[in-house]
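Undergrad: target.txt is the file, holding compact mmCIF, C-alpha atoms:
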# COMPACT_ATOMS: atom_id res chain seq x y z
CA MET I 9 1.11 -21.29 -0.14
CA SER I 10 1.07 -17.86 -1.70
CA GLU I 11 2.27 -15.35 0.83
CA LYS I 12 1.54 -12.22 -1.14
CA ARG I 13 2.15 -8.95 0.65
CA PRO I 14 -0.67 -6.42 0.97
CA PHE I 15 -0.55 -4.23 -2.15
CA ASP I 16 -0.16 -1.18 0.07
CA ALA I 17 3.28 -2.47 1.09
CA VAL I 18 4.22 -2.80 -2.59
CA VAL I 19 3.22 0.83 -3.19
CA ALA I 20 5.18 1.91 -0.13
CA GLU I 21 8.31 0.08 -1.27
CA HIS I 22 8.29 0.87 -4.99
CA GLY I 23 6.16 4.02 -5.32
CA ALA I 24 9.13 6.40 -5.30
CA THR I 25 11.16 4.44 -7.86
CA VAL I 26 8.21 4.19 -10.24
CA LEU I 27 7.55 7.92 -9.91
CA ARG I 28 11.21 8.64 -10.74
CA VAL I 29 10.99 6.43 -13.82
CA CYS I 30 7.78 8.18 -14.92
CA ARG I 31 9.33 11.61 -14.41
CA ALA I 32 12.48 10.62 -16.28
CA VAL I 33 10.65 9.33 -19.35
CA LEU I 34 7.73 11.79 -19.37
CA GLY I 35 8.67 14.87 -17.39
CA PRO I 36 6.95 16.02 -14.21
CA VAL I 37 3.55 16.98 -15.67
CA ASP I 38 2.55 13.64 -17.18
CA ALA I 39 4.39 11.55 -14.60
CA ASP I 40 1.57 11.66 -12.05
CA ASP I 41 -0.95 10.26 -14.53
CA ALA I 42 1.43 7.53 -15.64
CA TRP I 43 2.16 6.62 -12.00
CA SER I 44 -1.55 6.41 -11.19
CA GLU I 45 -2.32 4.30 -14.26
CA THR I 46 0.63 2.04 -13.49
CA PHE I 47 -0.44 1.25 -9.94
CA LEU I 48 -4.13 0.91 -10.80
CA SER I 49 -3.24 -1.56 -13.52
CA ALA I 50 -0.81 -3.37 -11.21
CA LEU I 51 -3.45 -3.58 -8.47
CA LYS I 52 -5.87 -5.25 -10.88
CA ALA I 53 -3.30 -7.81 -11.97
CA TYR I 54 -1.64 -8.30 -8.57
CA PRO I 55 -3.58 -11.36 -7.35
CA ALA I 56 -2.54 -13.27 -10.49
CA LEU I 57 1.13 -12.27 -10.34
CA PRO I 58 3.24 -15.41 -9.86
CA ALA I 59 4.81 -15.74 -6.42
CA GLY I 60 8.47 -14.82 -6.44
CA ALA I 61 8.13 -12.44 -9.41
CA ASN I 62 10.49 -9.46 -9.51
CA ILE I 63 7.92 -6.87 -8.47
CA GLN I 64 10.00 -3.80 -9.26
CA ALA I 65 10.76 -5.04 -12.79
CA TRP I 66 7.07 -5.86 -13.24
CA LEU I 67 6.06 -2.34 -12.14
CA VAL I 68 8.67 -0.61 -14.32
CA THR I 69 7.45 -2.66 -17.29
CA ILE I 70 3.87 -1.53 -16.66
CA ALA I 71 5.10 2.06 -16.23
CA HIS I 72 6.81 1.82 -19.63
CA ARG I 73 3.53 0.79 -21.29
CA LYS I 74 1.56 3.48 -19.48
CA ALA I 75 4.12 6.11 -20.48
CA ILE I 76 3.61 5.10 -24.12
CA ASP I 77 -0.17 5.45 -23.62
CA VAL I 78 0.30 8.91 -22.14
CA VAL I 79 2.53 10.01 -25.04
CA ARG I 80 0.04 8.62 -27.59
CA ALA I 81 -2.89 10.33 -25.90
CA ARG I 82 -0.93 13.56 -25.88
CA ALA I 83 -0.12 13.17 -29.61
CA ARG I 84 -3.80 12.49 -30.41
CA HIS I 85 -4.79 15.71 -28.71
CA ALA I 86 -1.97 17.41 -30.61
CA VAL I 87 -1.09 19.80 -27.86
CA PRO I 88 2.46 20.94 -28.56
CA VAL I 89 3.86 20.74 -25.05
CA ALA I 90 7.50 20.92 -24.05
CA ASP I 91 8.83 17.99 -26.02
CA LEU I 92 12.55 18.19 -25.67
CA PRO I 93 14.42 17.58 -28.92
CA ASP I 94 16.10 14.22 -29.39
CA LEU I 95 19.59 15.51 -29.82
CA VAL I 96 22.82 15.00 -28.02
CA SER I 97 24.05 18.22 -26.61
CA GLY I 98 27.56 19.20 -27.51
CA PRO I 99 30.06 20.17 -24.85
CA GLY I 100 29.16 23.85 -25.26
CA ALA I 101 29.10 26.16 -22.28
CA ASP I 102 25.33 26.22 -21.84
CA ALA I 103 25.07 22.45 -22.25
CA ARG I 104 27.44 21.95 -19.36
CA ASP I 105 25.14 24.04 -17.24
CA LEU I 106 22.25 21.66 -17.67
CA ASP I 107 21.44 19.69 -14.63
CA LEU I 108 21.35 15.93 -14.79
CA VAL I 109 17.59 15.70 -15.25
CA GLU I 110 17.69 17.92 -18.29
CA ALA I 111 20.72 16.11 -19.62
CA VAL I 112 18.82 12.81 -19.43
CA ALA I 113 15.77 14.38 -21.05
CA ARG I 114 17.91 15.48 -23.99
CA LEU I 115 19.33 12.03 -24.68
CA PRO I 116 18.16 10.27 -27.85
CA HIS I 117 15.03 8.21 -27.24
CA LYS I 118 16.66 4.79 -27.03
CA GLN I 119 19.60 5.91 -24.89
CA LYS I 120 17.31 7.78 -22.54
CA HIS I 121 15.08 4.77 -22.00
CA ALA I 122 18.04 2.41 -21.59
CA VAL I 123 19.61 4.71 -19.00
CA VAL I 124 16.35 5.31 -17.13
CA TYR I 125 15.13 1.72 -17.01
CA HIS I 126 18.52 0.37 -15.98
CA TYR I 127 19.85 3.09 -13.69
CA VAL I 128 16.61 4.50 -12.27
CA GLY I 129 14.29 1.51 -12.59
CA GLY I 130 16.93 -1.07 -11.71
CA LEU I 131 16.06 -3.37 -14.64
CA PRO I 132 18.65 -5.86 -15.85
CA TYR I 133 19.61 -5.25 -19.51
CA ALA I 134 17.67 -8.30 -20.69
CA ASP I 135 14.48 -6.71 -19.28
CA VAL I 136 15.44 -3.31 -20.71
CA ALA I 137 15.82 -4.97 -24.14
CA ALA I 138 12.35 -6.46 -23.85
CA LEU I 139 10.98 -2.92 -23.43
CA ILE I 140 12.97 -0.97 -26.01
CA GLY I 141 13.60 -3.76 -28.54
CA GLY I 142 16.83 -5.40 -29.67
CA THR I 143 19.18 -7.58 -27.68
CA ALA I 144 20.38 -7.23 -24.10
CA GLU I 145 23.81 -6.36 -25.50
CA ALA I 146 22.31 -3.60 -27.64
CA ALA I 147 20.47 -2.26 -24.59
CA ARG I 148 23.71 -2.28 -22.63
CA ARG I 149 25.43 -0.39 -25.45
CA ALA I 150 22.61 2.16 -25.67
CA ALA I 151 22.90 2.76 -21.92
CA ALA I 152 26.69 3.07 -22.18
CA ASP I 153 26.31 5.56 -25.05
CA GLY I 154 23.76 7.45 -22.97
CA VAL I 155 26.09 7.58 -19.98
CA HIS I 156 28.87 8.76 -22.28
CA ALA I 157 26.66 11.55 -23.59
CA LEU I 158 25.68 12.50 -20.04
CA ARG I 159 29.35 12.76 -19.20
CA ASP I 160 29.71 15.33 -21.97
CA SER I 161 26.70 17.40 -21.01
CA TYR I 162 26.66 17.01 -17.26
CA PRO I 163 29.90 17.99 -15.51
CA GLY I 164 29.49 15.70 -12.52
CA ALA I 165 28.75 12.60 -14.58
CA GLU I 166 32.31 11.41 -15.12
CA THR I 167 32.87 10.81 -11.44
CA LEU I 168 29.45 9.23 -11.21
CA THR I 169 29.96 6.36 -13.58
CA ARG I 170 33.34 5.07 -12.49
CA SER I 171 31.92 2.26 -10.42
CA ASP I 172 29.97 0.96 -13.43
CA ARG I 173 33.04 -0.82 -14.84
CA MET H 16 16.59 -5.50 -8.09
CA ASN H 17 18.89 -2.58 -7.60
CA VAL H 18 21.84 -1.57 -9.69
CA PRO H 19 24.39 -0.41 -7.13
CA ASN H 20 26.03 2.46 -8.86
CA ALA H 21 26.95 6.07 -8.26
CA LEU H 22 24.93 7.16 -11.30
CA SER H 23 21.85 5.39 -9.95
CA ASP H 24 22.25 7.22 -6.67
CA GLN H 25 22.75 10.55 -8.38
CA LEU H 26 19.73 10.02 -10.63
CA ALA H 27 17.59 9.00 -7.65
CA ARG H 28 18.52 12.28 -5.97
CA SER H 29 17.95 14.27 -9.15
CA TYR H 30 14.40 12.96 -9.60
CA ASP H 31 13.63 14.07 -6.11
CA VAL H 32 10.43 12.47 -4.87
CA ASP H 33 9.08 13.91 -1.66
CA GLU H 34 6.70 12.24 0.73
CA ASP H 35 3.91 14.72 0.02
CA ASP H 36 3.89 13.73 -3.66
CA LEU H 37 3.62 10.07 -2.78
CA THR H 38 0.96 10.64 -0.13
CA ARG H 39 -1.14 12.56 -2.63
CA LEU H 40 -0.71 9.92 -5.33
CA ARG H 41 -1.52 7.08 -2.91
CA ARG H 42 -4.72 8.79 -1.83
CA ARG H 43 -5.71 9.26 -5.43
CA LEU H 44 -4.95 5.60 -6.12
CA ALA H 45 -7.20 4.49 -3.25
CA VAL H 46 -10.08 6.53 -4.68
CA THR H 47 -9.67 5.37 -8.28
CA ALA H 48 -9.17 1.76 -7.16
CA ALA H 49 -12.40 1.88 -5.16
CA ASP H 50 -14.24 3.43 -8.14
CA ALA H 51 -12.87 0.69 -10.40
CA GLY H 52 -14.04 -1.99 -7.96
CA VAL H 53 -10.54 -3.38 -7.34
CA LEU H 54 -10.01 -2.25 -3.76
CA ASP H 55 -10.88 -5.43 -1.87
CA VAL H 56 -9.68 -4.40 1.60
CA ALA H 57 -9.59 -0.74 2.68
CA TYR H 58 -7.94 0.18 5.95
CA ARG H 59 -7.00 3.05 8.19
CA THR H 60 -5.81 3.53 11.75
CA VAL H 61 -7.44 5.60 14.49
CA ASP H 62 -6.04 6.73 17.79
CA SER H 63 -8.08 5.81 20.86
CA PRO H 64 -7.88 5.55 24.66
CA VAL H 65 -6.87 1.91 24.14
CA GLY H 66 -4.09 2.75 21.70
CA MET H 67 -3.89 2.78 17.92
CA LEU H 68 -6.62 0.69 16.33
CA LEU H 69 -6.51 -0.66 12.80
CA LEU H 70 -9.87 -0.67 10.99
CA ALA H 71 -10.35 -2.69 7.81
CA ALA H 72 -13.41 -3.00 5.58
CA THR H 73 -14.55 -4.89 2.52
CA ASP H 74 -17.50 -4.01 0.29
CA ALA H 75 -19.64 -5.98 2.75
CA GLY H 76 -18.66 -3.90 5.77
CA LEU H 77 -16.20 -3.64 8.64
CA VAL H 78 -14.20 -6.86 8.64
CA ARG H 79 -11.46 -6.27 11.20
CA VAL H 80 -10.64 -4.13 14.20
CA ALA H 81 -7.14 -4.77 15.52
CA TYR H 82 -5.20 -3.63 18.55
CA ALA H 83 -1.59 -2.53 18.26
CA VAL H 84 -0.55 -5.56 20.36
CA GLU H 85 -1.79 -7.77 17.53
CA ASN H 86 0.85 -6.11 15.27
CA HIS H 87 -0.88 -4.20 12.48
CA ASP H 88 1.58 -5.37 9.81
CA ASN H 89 0.79 -8.97 10.68
CA VAL H 90 -2.93 -8.23 10.66
CA LEU H 91 -2.72 -6.67 7.19
CA GLN H 92 -0.74 -9.66 5.95
CA ALA H 93 -3.39 -11.99 7.35
CA LEU H 94 -6.10 -9.97 5.58
CA ALA H 95 -4.11 -10.23 2.33
CA ASP H 96 -3.84 -14.00 2.78
CA ARG H 97 -7.42 -14.66 3.84
CA ILE H 98 -9.40 -12.11 1.82
CA SER H 99 -7.34 -10.54 -0.97
CA PRO H 100 -3.91 -8.98 -1.44
CA ARG H 101 -5.64 -5.94 -2.96
CA VAL H 102 -5.21 -3.98 0.28
CA LEU H 103 -4.83 -0.20 0.37
CA ALA H 104 -4.96 2.54 2.97
CA ALA H 105 -8.23 4.33 2.20
CA PRO H 106 -9.23 6.47 5.16
CA GLU H 107 -12.42 7.83 3.58
CA ARG H 108 -13.87 4.35 3.24
CA LEU H 109 -13.72 4.04 7.03
CA ASP H 110 -14.89 7.49 8.00
CA LEU H 111 -18.19 6.24 9.45
CA ALA H 112 -16.54 3.51 11.53
CA ALA H 113 -13.92 5.97 12.78
CA ARG H 114 -16.61 8.48 13.73
CA GLU H 115 -18.72 5.90 15.61
CA LEU H 116 -15.68 4.66 17.50
CA ASP H 117 -14.79 8.21 18.41
CA GLU H 118 -18.33 8.75 19.72
CA TYR H 119 -18.13 5.49 21.66
CA PHE H 120 -14.85 6.40 23.31
CA SER H 121 -16.19 9.81 24.29
CA GLY H 122 -19.23 8.14 25.90
CA ARG H 123 -21.76 9.52 23.42
CA ARG H 124 -22.48 6.26 21.62
CA HIS H 125 -23.69 3.05 23.25
CA GLU H 126 -24.35 0.98 20.13
CA PHE H 127 -22.61 0.62 16.82
CA ASP H 128 -24.63 1.03 13.70
CA LEU H 129 -22.16 -0.38 11.18
CA ALA H 130 -22.39 -3.00 8.46
CA LEU H 131 -20.20 -5.93 9.54
CA ASP H 132 -18.44 -8.49 7.37
CA TRP H 133 -18.29 -11.69 9.44
CA ARG H 134 -16.21 -13.72 7.01
CA LEU H 135 -13.25 -14.06 9.40
CA SER H 136 -15.36 -15.97 11.90
CA ALA H 137 -17.29 -19.20 11.42
CA GLY H 138 -19.15 -21.99 13.17
CA PHE H 139 -19.38 -22.05 16.95
CA ARG H 140 -17.18 -18.96 17.31
CA ARG H 141 -19.36 -17.00 14.93
CA ASP H 142 -22.44 -18.09 16.91
CA ILE H 143 -20.84 -16.96 20.20
CA LEU H 144 -19.78 -13.59 18.74
CA GLY H 145 -23.35 -13.05 17.56
CA ARG H 146 -24.55 -13.59 21.13
CA ILE H 147 -21.86 -11.27 22.48
CA ARG H 148 -23.06 -8.59 20.13
CA GLY H 149 -26.36 -8.69 22.07
CA ILE H 150 -24.73 -7.80 25.42
CA GLY H 151 -25.74 -4.21 26.02
CA TYR H 152 -23.54 -1.26 26.90
CA GLY H 153 -22.51 -1.29 30.56
CA HIS H 154 -23.68 -4.88 31.00
CA THR H 155 -21.55 -8.00 31.32
CA ALA H 156 -21.95 -11.71 30.70
CA THR H 157 -19.83 -14.73 31.68
CA TYR H 158 -17.97 -17.29 29.60
CA ALA H 159 -19.99 -20.04 31.28
CA GLY H 160 -23.28 -18.23 30.76
CA LEU H 161 -22.58 -17.85 27.04
CA ALA H 162 -21.65 -21.53 26.78
CA ARG H 163 -24.96 -22.47 28.42
CA ALA H 164 -26.89 -20.08 26.19
CA ALA H 165 -25.26 -21.64 23.15
CA GLY H 166 -26.54 -25.04 24.31
CA ASN H 167 -23.13 -26.40 25.22
CA PRO H 168 -22.42 -25.75 28.93
CA LYS H 169 -19.06 -27.57 28.72
CA ALA H 170 -17.77 -25.25 25.98
CA VAL H 171 -16.56 -22.58 28.40
CA ARG H 172 -13.02 -22.69 27.01
CA ALA H 173 -14.33 -22.56 23.46
CA VAL H 174 -16.20 -19.38 24.36
CA GLY H 175 -12.89 -17.99 25.59
CA GLY H 176 -11.41 -19.01 22.25
CA ALA H 177 -14.15 -17.16 20.37
CA CYS H 178 -13.35 -14.01 22.34
CA ALA H 179 -9.60 -14.41 21.89
CA THR H 180 -10.05 -14.59 18.11
CA ASN H 181 -12.78 -11.95 17.81
CA PRO H 182 -11.99 -10.17 14.51
CA LEU H 183 -14.08 -7.16 15.56
CA PRO H 184 -13.18 -6.26 19.16
CA VAL H 185 -14.81 -3.15 20.70
CA VAL H 186 -17.58 -3.26 18.06
CA VAL H 187 -18.44 -6.84 19.01
CA PRO H 188 -18.01 -6.26 22.74
CA CYS H 189 -16.14 -9.30 24.00
CA HIS H 190 -14.69 -7.02 26.68
CA ARG H 191 -18.10 -7.43 28.38
CA VAL H 192 -17.47 -11.13 28.96
CA LEU H 193 -16.04 -12.00 32.39
CA ARG H 194 -15.34 -15.07 34.46
CA THR H 195 -18.11 -16.41 36.70
CA ASP H 196 -16.18 -15.17 39.78
CA GLY H 197 -16.18 -11.66 38.35
CA THR H 198 -12.51 -11.56 37.42
CA LEU H 199 -11.54 -10.31 34.00
CA GLY H 200 -10.38 -13.46 32.24
CA GLY H 201 -8.46 -12.57 29.08
CA TYR H 202 -8.69 -10.02 26.30
CA ILE H 203 -7.42 -9.77 22.75
CA GLY H 204 -6.25 -6.20 23.37
CA GLY H 205 -4.66 -6.94 26.74
CA LEU H 206 -6.23 -6.65 30.20
CA ASP H 207 -5.48 -2.93 30.50
CA ALA H 208 -7.63 -2.30 27.44
CA LYS H 209 -10.41 -4.47 28.87
CA ARG H 210 -10.31 -2.52 32.15
CA THR H 211 -10.35 0.79 30.25
CA LEU H 212 -13.42 -0.17 28.21
CA LEU H 213 -15.32 -1.54 31.22
CA GLY H 214 -14.40 1.58 33.19
CA LEU H 215 -15.60 3.81 30.37
CA GLU H 216 -18.95 2.04 30.20
CA ALA H 217 -19.38 1.97 34.00
CA ALA H 218 -18.78 5.72 34.26
CA VAL H 219 -21.68 6.76 32.06
Here is a file; write its structure as structure tokens.

TA:
Amino acid sequence: MSEKRPFDAVVAEHGATVLRVCRAVLGPVDADDAWSETFLSALKAYPALPAGANIQAWLVTIAHRKAIDVVRARARHAVPVADLPDLVSGPGADARDLDLVEAVARLPHKQKHAVVYHYVGGLPYADVAALIGGTAEAARRAAADGVHALRDSYPGAETLTRSDR
Amino acid sequence: MNVPNALSDQLARSYDVDEDDLTRLRRRLAVTAADAGVLDVAYRTVDSPVGMLLLAATDAGLVRVAYAVENHDNVLQALADRISPRVLAAPERLDLAARELDEYFSGRRHEFDLALDWRLSAGFRRDILGRIRGIGYGHTATYAGLARAAGNPKAVRAVGGACATNPLPVVVPCHRVLRTDGTLGGYIGGLDAKRTLLGLEAAV
């Protein structure tokens, strides 16, 4: 007896989280396209999704793949848009002025994705590892390093992470 | 699965998503899904003199009209179970139905000219609903009369059952079916709604 909710209810429940994930990994401009591609793809596959699946993790996983597609398409068209450098900001004065969104955007690729998929997308580290490669432990470390770097570049971050053991 | 954490909360606030963004994206999704042929059930709601009505359509046509007393969330779940879970709000897909209902409620339309998807009704009930569809605006029939016309005079209660489970009320006018003594009987949208519709049709 498969009691699958109407897809509209899935969009209502998870639409905001998926949009945040898309914005965090792609920035605001490409996020809309990635969101649309994610939910169109999810809608196609939805009837075959096993009952009891973790729908949010499923959607974030699709969003990850769609974000890669968007980045590849952008690279093919070779339009040099605001690609933020993959460097950890030092604790300089201007770095501390960055808001949290920018601080996340400036994290190294792996740390950024580990932080976003775990803290924004709610994925357990085992699922994060499946997306970014490596082990769950490595994903956890990448996220911890990312949080550490955020603490350096974003003034409010140290109080933010205390509850994360 | 949520990660309860102050950083999660702060990040959620930082990537501020407002309702307008989501509304716009959901509309766009409904359009692209329809274009891609993966929107199996489109729905919208319309306000009316008998309360909020849910309208749902498949590619074949209007498949469901539901009163608020039926609980629209439950109705959508039933559509997901019986037809397909690929259900999205897609108001444009139901523009014609919404317009014809609006004309009906303002007294300017006496007949609906809409493609209907009958898949939620079968057998004897489907046969009865087909007969009910032939009852003209401002006219009434009786449960017993319909049972006789269907060749089964004893099936009066079954006719009542067909009306009570009519997936397309208002459009398939089961509100025009009364008891032999002229009293209202029952109605899927409640007796107040039945009175309102009969009053509307009597006034024109």

Undergrad: Any idea what's packed within 12 Å of region 73-84 of chain I, counting all atoms listed in the file, ignoring anything in its chain fewer than 2 positions away? Could you give it as a ChimeraX atom specification?

TA: /I:26-27,29-35,37-50,66-71,86-91,121,138-140

Undergrad: Kindly compute an axis-aligned box around the listed atoms of region 93-99 of chain H, allowing 6 Å on each side, and express its centre and edge lengths in Å to one decimal as lines of an AutoDock Vina configuration file.

TA:
center_x = -6.4
center_y = -12.3
center_z = 3.2
size_x = 18.0
size_y = 16.7
size_z = 20.3

Undergrad: Please return, as a count of residues only, all residues of chain H lying within 9 Å of chain I when all atoms listed in the file are considered.

TA: 42

Undergrad: Just want the 12 Å neighbourhood of Arg114 (chain H), counted on all atoms listed in the file, with same-chain residues fewer than 2 positions away dropped. Output as a short mmCIF file (atom, residue, chain, number, x, y, z; two decimals) with C-alpha atoms, in the frame of the given file.

TA:
data_model
loop_
_atom_site.label_atom_id
_atom_site.label_comp_id
_atom_site.auth_asym_id
_atom_site.auth_seq_id
_atom_site.Cartn_x
_atom_site.Cartn_y
_atom_site.Cartn_z
CA VAL H 61 -7.44 5.60 14.49
CA ASP H 62 -6.04 6.73 17.79
CA SER H 63 -8.08 5.81 20.86
CA LEU H 70 -9.87 -0.67 10.99
CA PRO H 106 -9.23 6.47 5.16
CA GLU H 107 -12.42 7.83 3.58
CA ARG H 108 -13.87 4.35 3.24
CA LEU H 109 -13.72 4.04 7.03
CA ASP H 110 -14.89 7.49 8.00
CA LEU H 111 -18.19 6.24 9.45
CA ALA H 112 -16.54 3.51 11.53
CA LEU H 116 -15.68 4.66 17.50
CA ASP H 117 -14.79 8.21 18.41
CA GLU H 118 -18.33 8.75 19.72
CA TYR H 119 -18.13 5.49 21.66
CA PHE H 120 -14.85 6.40 23.31
CA SER H 121 -16.19 9.81 24.29
CA ARG H 123 -21.76 9.52 23.42
CA ARG H 124 -22.48 6.26 21.62
CA PHE H 127 -22.61 0.62 16.82
CA ASP H 128 -24.63 1.03 13.70
CA LEU H 129 -22.16 -0.38 11.18
#

Undergrad: Between CA of Arg97 (chain H) and CA of Gly66 (chain H), what is the distance, to one decimal in Å?

TA: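 Between CA of Arg97 (chain H) and CA of Gly66 (chain H) the gap works out to 25.2 Å.
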